[in-house]
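**Student:** Below is the file entry.json, with JSON, C-alpha atoms.
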```
[["chain", "number", "residue", "atom", "x", "y", "z"],
["A", 30, "MET", "CA", -50.25, 197.59, 143.88],
["A", 31, "GLN", "CA", -49.23, 193.98, 143.31],
["A", 32, "VAL", "CA", -51.43, 191.27, 144.78],
["A", 33, "GLN", "CA", -49.43, 188.67, 146.67],
["A", 34, "LYS", "CA", -49.98, 185.07, 145.64],
["A", 35, "ASP", "CA", -49.83, 182.11, 147.98],
["A", 36, "ASP", "CA", -47.92, 179.95, 145.49],
["A", 37, "VAL", "CA", -45.16, 182.59, 145.12],
["A", 38, "ARG", "CA", -45.01, 183.09, 148.88],
["A", 39, "ASN", "CA", -44.77, 179.31, 149.38],
["A", 40, "LYS", "CA", -41.96, 179.07, 146.78],
["A", 41, "ILE", "CA", -40.03, 181.79, 148.60],
["A", 42, "ILE", "CA", -40.48, 180.07, 151.96],
["A", 43, "ALA", "CA", -39.45, 176.68, 150.56],
["A", 44, "SER", "CA", -36.39, 178.17, 148.86],
["A", 45, "ALA", "CA", -35.41, 180.16, 151.93],
["A", 46, "THR", "CA", -35.83, 177.13, 154.18],
["A", 47, "GLU", "CA", -33.49, 175.15, 151.92],
["A", 48, "GLU", "CA", -31.01, 178.04, 151.77],
["A", 49, "PHE", "CA", -31.00, 178.60, 155.55],
["A", 50, "LEU", "CA", -30.65, 174.86, 156.19],
["A", 51, "ASN", "CA", -27.70, 174.55, 153.81],
["A", 52, "ALA", "CA", -25.89, 177.84, 154.34],
["A", 53, "GLY", "CA", -27.13, 179.14, 157.70],
["A", 54, "TYR", "CA", -28.65, 182.53, 158.34],
["A", 55, "GLN", "CA", -25.42, 184.54, 158.08],
["A", 56, "GLN", "CA", -24.26, 183.06, 154.78],
["A", 57, "SER", "CA", -27.67, 183.02, 153.08],
["A", 58, "SER", "CA", -28.50, 185.70, 150.57],
["A", 59, "MET", "CA", -31.76, 187.04, 149.24],
["A", 60, "ARG", "CA", -30.29, 186.72, 145.73],
["A", 61, "SER", "CA", -29.73, 182.98, 146.20],
["A", 62, "ILE", "CA", -33.19, 182.53, 147.70],
["A", 63, "ALA", "CA", -34.75, 184.37, 144.77],
["A", 64, "ALA", "CA", -32.80, 182.28, 142.25],
["A", 65, "LYS", "CA", -33.93, 179.04, 143.91],
["A", 66, "ALA", "CA", -37.53, 180.28, 143.89],
["A", 67, "GLY", "CA", -37.26, 181.32, 140.24],
["A", 68, "ILE", "CA", -38.27, 184.93, 140.93],
["A", 69, "THR", "CA", -36.57, 188.30, 141.16],
["A", 70, "VAL", "CA", -34.89, 189.59, 144.30],
["A", 71, "GLY", "CA", -37.26, 192.55, 144.25],
["A", 72, "ASN", "CA", -40.20, 190.16, 144.36],
["A", 73, "VAL", "CA", -38.76, 188.44, 147.46],
["A", 74, "TYR", "CA", -38.49, 191.86, 149.14],
["A", 75, "ALA", "CA", -42.08, 192.62, 148.12],
["A", 76, "TYR", "CA", -43.26, 189.56, 150.06],
["A", 77, "PHE", "CA", -40.80, 189.82, 152.96],
["A", 78, "GLY", "CA", -39.14, 193.10, 153.90],
["A", 79, "GLY", "CA", -35.74, 191.44, 154.15],
["A", 80, "LYS", "CA", -33.81, 188.39, 155.23],
["A", 81, "ALA", "CA", -34.64, 188.88, 158.93],
["A", 82, "ALA", "CA", -38.38, 189.03, 158.25],
["A", 83, "LEU", "CA", -38.18, 185.97, 156.00],
["A", 84, "PHE", "CA", -36.21, 184.06, 158.65],
["A", 85, "GLU", "CA", -38.71, 185.10, 161.31],
["A", 86, "SER", "CA", -41.65, 183.82, 159.24],
["A", 87, "ILE", "CA", -39.95, 180.43, 158.92],
["A", 88, "ILE", "CA", -38.60, 180.06, 162.46],
["A", 89, "SER", "CA", -41.16, 181.72, 164.74],
["A", 90, "PRO", "CA", -43.74, 178.89, 164.48],
["A", 91, "VAL", "CA", -41.19, 176.27, 165.57],
["A", 92, "TRP", "CA", -39.96, 178.54, 168.35],
["A", 93, "GLU", "CA", -43.53, 178.84, 169.61],
["A", 94, "SER", "CA", -43.91, 175.04, 169.40],
["A", 95, "LEU", "CA", -40.75, 174.56, 171.47],
["A", 96, "ASN", "CA", -42.03, 176.94, 174.11],
["A", 97, "GLU", "CA", -45.28, 174.99, 174.23],
["A", 98, "LEU", "CA", -43.32, 171.74, 174.65],
["A", 99, "ILE", "CA", -41.40, 173.17, 177.58],
["A", 100, "SER", "CA", -44.72, 174.20, 179.12],
["A", 101, "ILE", "CA", -46.25, 170.70, 179.02],
["A", 102, "GLN", "CA", -48.12, 170.31, 182.27],
["A", 103, "VAL", "CA", -47.27, 167.40, 184.52],
["A", 104, "ASP", "CA", -48.69, 166.67, 187.95],
["A", 105, "PRO", "CA", -46.06, 168.03, 190.35],
["A", 106, "THR", "CA", -47.37, 165.83, 193.18],
["A", 107, "GLU", "CA", -46.51, 162.64, 191.29],
["A", 108, "PRO", "CA", -43.08, 161.25, 190.46],
["A", 109, "ILE", "CA", -42.07, 161.28, 186.84],
["A", 110, "THR", "CA", -43.39, 158.01, 185.44],
["A", 111, "LEU", "CA", -43.01, 156.11, 182.21],
["A", 112, "PRO", "CA", -46.46, 157.28, 180.98],
["A", 113, "THR", "CA", -45.45, 160.91, 181.64],
["A", 114, "ILE", "CA", -42.19, 160.41, 179.78],
["A", 115, "ARG", "CA", -44.11, 158.78, 176.91],
["A", 116, "GLN", "CA", -46.50, 161.74, 176.72],
["A", 117, "ILE", "CA", -43.61, 164.20, 176.61],
["A", 118, "THR", "CA", -41.68, 162.04, 174.13],
["A", 119, "ASP", "CA", -44.62, 161.74, 171.76],
["A", 120, "ARG", "CA", -45.12, 165.52, 171.74],
["A", 121, "ILE", "CA", -41.40, 166.18, 171.19],
["A", 122, "THR", "CA", -41.22, 163.63, 168.36],
["A", 123, "GLU", "CA", -44.39, 164.91, 166.68],
["A", 124, "THR", "CA", -43.24, 168.54, 166.87],
["A", 125, "PHE", "CA", -39.80, 167.71, 165.48],
["A", 126, "LEU", "CA", -41.11, 165.60, 162.59],
["A", 127, "GLU", "CA", -43.64, 168.28, 161.62],
["A", 128, "ASN", "CA", -40.96, 170.99, 161.64],
["A", 129, "ARG", "CA", -37.70, 169.13, 160.99],
["A", 130, "PRO", "CA", -35.96, 171.61, 158.63],
["A", 131, "GLN", "CA", -37.05, 174.63, 160.65],
["A", 132, "PHE", "CA", -35.97, 173.00, 163.90],
["A", 133, "LEU", "CA", -32.55, 172.11, 162.49],
["A", 134, "ILE", "CA", -32.13, 175.68, 161.22],
["A", 135, "LEU", "CA", -33.09, 177.09, 164.61],
["A", 136, "MET", "CA", -30.72, 174.85, 166.55],
["A", 137, "ASN", "CA", -27.78, 174.71, 164.14],
["A", 138, "LYS", "CA", -27.93, 177.55, 161.61],
["A", 139, "SER", "CA", -29.30, 180.65, 163.35],
["A", 140, "ALA", "CA", -26.01, 182.44, 164.13],
["A", 141, "GLY", "CA", -26.35, 186.12, 163.33],
["A", 142, "SER", "CA", -30.15, 186.06, 163.57],
["A", 143, "PRO", "CA", -32.41, 187.18, 166.41],
["A", 144, "TYR", "CA", -32.56, 183.46, 167.34],
["A", 145, "LYS", "CA", -28.79, 183.10, 167.72],
["A", 146, "ASN", "CA", -29.20, 182.37, 171.45],
["A", 147, "ALA", "CA", -32.07, 179.89, 171.06],
["A", 148, "ARG", "CA", -30.19, 176.95, 172.60],
["A", 149, "GLY", "CA", -29.21, 178.98, 175.65],
["A", 150, "GLU", "CA", -32.71, 180.36, 176.08],
["A", 151, "LEU", "CA", -34.23, 176.88, 175.85],
["A", 152, "SER", "CA", -31.71, 175.56, 178.32],
["A", 153, "SER", "CA", -32.58, 178.35, 180.78],
["A", 154, "LEU", "CA", -36.30, 177.65, 180.44],
["A", 155, "VAL", "CA", -35.80, 173.91, 181.02],
["A", 156, "SER", "CA", -33.41, 174.57, 183.92],
["A", 157, "ARG", "CA", -35.87, 176.86, 185.69],
["A", 158, "ARG", "CA", -38.62, 174.31, 185.29],
["A", 159, "LEU", "CA", -36.44, 171.43, 186.51],
["A", 160, "TYR", "CA", -35.37, 173.41, 189.56],
["A", 161, "ARG", "CA", -38.89, 174.58, 190.39],
["A", 162, "GLU", "CA", -40.68, 171.25, 189.87],
["A", 163, "ILE", "CA", -38.15, 168.46, 190.28],
["A", 164, "LEU", "CA", -34.95, 169.61, 191.99],
["A", 165, "PRO", "CA", -35.96, 172.33, 194.49],
["A", 166, "GLN", "CA", -33.87, 170.88, 197.32],
["A", 167, "HIS", "CA", -30.73, 170.76, 195.16],
["A", 168, "ASP", "CA", -28.16, 173.27, 194.03],
["A", 169, "PRO", "CA", -29.55, 175.21, 191.02],
["A", 170, "LEU", "CA", -26.39, 174.29, 189.12],
["A", 171, "LEU", "CA", -27.65, 170.69, 189.05],
["A", 172, "ALA", "CA", -30.80, 171.88, 187.22],
["A", 173, "ASP", "CA", -28.57, 173.75, 184.74],
["A", 174, "ALA", "CA", -26.49, 170.61, 184.14],
["A", 175, "MET", "CA", -29.58, 168.42, 183.74],
["A", 176, "ALA", "CA", -31.17, 170.90, 181.31],
["A", 177, "GLY", "CA", -27.97, 170.97, 179.26],
["A", 178, "ALA", "CA", -27.77, 167.17, 179.20],
["A", 179, "ILE", "CA", -31.43, 166.78, 178.21],
["A", 180, "LEU", "CA", -31.31, 169.36, 175.42],
["A", 181, "GLU", "CA", -27.95, 168.31, 174.00],
["A", 182, "GLY", "CA", -29.11, 164.69, 174.05],
["A", 183, "ILE", "CA", -32.30, 165.57, 172.21],
["A", 184, "PHE", "CA", -30.42, 167.74, 169.70],
["A", 185, "THR", "CA", -27.93, 164.94, 169.05],
["A", 186, "VAL", "CA", -30.75, 162.50, 168.34],
["A", 187, "PHE", "CA", -32.56, 165.02, 166.11],
["A", 188, "ASN", "CA", -29.40, 165.85, 164.16],
["A", 189, "HIS", "CA", -28.51, 162.24, 163.44],
["A", 190, "CYS", "CA", -31.74, 160.23, 163.48],
["A", 191, "GLY", "CA", -33.36, 161.57, 160.32],
["A", 192, "ALA", "CA", -37.10, 161.21, 159.91],
["A", 193, "ASP", "CA", -37.45, 157.67, 161.30],
["A", 194, "ALA", "CA", -40.33, 158.34, 163.71],
["A", 195, "GLY", "CA", -40.13, 155.01, 165.52],
["A", 196, "ARG", "CA", -36.40, 155.20, 166.16],
["A", 197, "LEU", "CA", -36.65, 158.87, 167.11],
["A", 198, "ARG", "CA", -39.45, 158.23, 169.60],
["A", 199, "THR", "CA", -37.59, 155.26, 171.14],
["A", 200, "LEU", "CA", -34.31, 157.15, 171.51],
["A", 201, "ILE", "CA", -35.92, 160.24, 173.04],
["A", 202, "ARG", "CA", -37.99, 158.08, 175.41],
["A", 203, "GLU", "CA", -34.90, 156.14, 176.51],
["A", 204, "LEU", "CA", -32.90, 159.35, 176.95],
["A", 205, "LEU", "CA", -35.57, 161.03, 179.08],
["A", 206, "GLY", "CA", -36.19, 157.82, 181.00],
["A", 207, "MET", "CA", -32.51, 157.56, 181.89],
["A", 208, "LEU", "CA", -32.12, 161.22, 182.77],
["A", 209, "LEU", "CA", -35.42, 161.77, 184.59],
["A", 210, "GLY", "CA", -36.73, 158.36, 185.56],
["A", 211, "GLY", "CA", -35.08, 158.13, 188.95],
["A", 212, "ILE", "CA", -35.81, 161.69, 190.08],
["A", 213, "PRO", "CA", -38.97, 162.17, 192.17],
["A", 214, "CYS", "CA", -40.88, 165.40, 191.68],
["A", 215, "LYS", "CA", -41.31, 167.63, 194.71],
["A", 216, "ALA", "CA", -44.58, 167.68, 196.55],
["A", 217, "HIS", "CA", -46.95, 170.37, 195.30],
["A", 218, "ASP", "CA", -46.29, 173.67, 197.04],
["A", 219, "PRO", "CA", -49.41, 175.85, 196.96],
["A", 220, "ALA", "CA", -47.34, 179.00, 197.65]]
```
Turn this file's structure into structure tokens for me.
**Tutor:**
Amino acid sequence: MQVQKDDVRNKIIASATEEFLNAGYQQSSMRSIAAKAGITVGNVYAYFGGKAALFESIISPVWESLNELISIQVDPTEPITLPTIRQITDRITETFLENRPQFLILMNKSAGSPYKNARGELSSLVSRRLYREILPQHDPLLADAMAGAILEGIFTVFNHCGADAGRLRTLIRELLGMLLGGIPCKAHDPA
């Protein structure tokens, strides 16, 4: 039985990340990933059972991070304030910069993978939270529209801002401030 080595595993992950980022999940091949890693295709399969398992190992940590971001706790009895927006912005920026290639793959290159509906799922999660905590007296369609605007705005910034942390943080803060700054949260409902 072959003993797996961390350096080989890391080469495979780095090569696959590059391949998925450039070609997308559907167009990527294990052969190309193996060639970039400088190993045999059989060795890639020995470490990861297939392309789906390899994709999962690269994308699942960023998916979990996004779900944690959506779950950031804010005081529902207080209106959304600049400090709250700053807290959320700093977490979003930090998460993106730590996982930039994986995030871009998830949002732009996951067609054909189990994560193909990631944008829609994120939008639904954000919409439900907006409706529950911020817009309960409004038509739920407004929460859907706000969620779409927030996420598409963030994705646009992420896709075009690069790794400039200061600019990224400023743009996300301004976006959230404009979209959420004038909306008071509902009073806390203990039910």
**Student:** Check the smallest atom-to-atom distance from each of A:Glu150, A:Gln131, A:Thr122, A:Ser139 to Val186 of chain A using all atoms listed in the file, then report the winner.
**Tutor:** A:Thr122
**Student:** Just checking: using all atoms listed in the file, which residue out of A:Pro169, A:Pro90, A:Gly71, A:Gly79 ends up closest to Ser153 of chain A?
**Tutor:**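 Among the listed residues, A:Pro169 lies closest to Ser153 of chain A.
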**Student:** Just the number, please: distance in Å from atom CA of Leu197 of chain A to atom CA of Glu97 of chain A, one decimal.
**Tutor:**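 According to the coordinates, atom CA of Leu197 of chain A and atom CA of Glu97 of chain A are separated by 19.6 Å.
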**Student:** Between atom CA of Ile201 of chain A and atom CA of Thr118 of chain A, what is the distance, to one decimal in Å?
**Tutor:**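 So the answer is 6.1 Å.
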**Student:** Point out the residue among A:Asn39, A:Lys34, A:Ile62, A:Phe184 with the least atom-to-atom distance to Asn137 of chain A, counting all atoms listed in the file.
**Tutor:**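 Distance minimum relative to Asn137 of chain A lands on A:Phe184.
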**Student:** Looking at A:Leu170, A:Val91, A:Ile117, A:Leu180, which one is nearest to Arg202 of chain A, with distances taken over only C-alpha atoms?
**Tutor:**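 Checking each of A:Leu170, A:Val91, A:Ile117, A:Leu180 against Arg202 of chain A, counting only C-alpha atoms, the winner is A:Ile117.
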**Student:** Determine the nearest neighbour of Ala176 of chain A from the options A:Ser152, A:Ser86, A:Thr46, A:Ser94, counting all atoms listed in the file.
**Tutor:** A:Ser152
**Student:** Mind working out the centre and edge lengths of an axis-aligned box for segment 92-102 of chain A, all listed atoms inside, 3 Å added to each side, rounded to one decimal in Å and written as lines of an AutoDock Vina configuration file?
**Tutor:**
```
center_x = -44.0
center_y = 174.6
center_z = 175.3
size_x = 14.2
size_y = 14.5
size_z = 19.9
```
**Student:** Which value, in Å to one decimal, gives the distance between atom CA of Pro143 of chain A and atom CA of Met59 of chain A?
**Tutor:** 17.2 Å
**Student:** Name all residues at most 7 Å from segment 73-76 of chain A (count all atoms listed in the file; drop same-chain ones fewer than 4 positions away) and give them as a ChimeraX atom specification.
**Tutor:** /A:38,41,63,69
**Student:** Residues proximal to (-31.8, 164.7, 178.9) were defined as those with any atom within 8 Å of that point in the file's coordinates, counting all atoms listed in the file. Which are they, as a list in words?
**Tutor:** Met175, Ala176, Gly177, Ala178, Ile179, Leu180, Glu181, Gly182, Ile183, Leu204, Leu205, Met207, Leu208 and Leu209 of chain A
**Student:** Would you please work out which residue, of A:Glu203, A:Gln55, A:Ala81, A:Ile88, is nearest to Ile134 of chain A when using all atoms listed in the file?
**Tutor:** A:Ile88
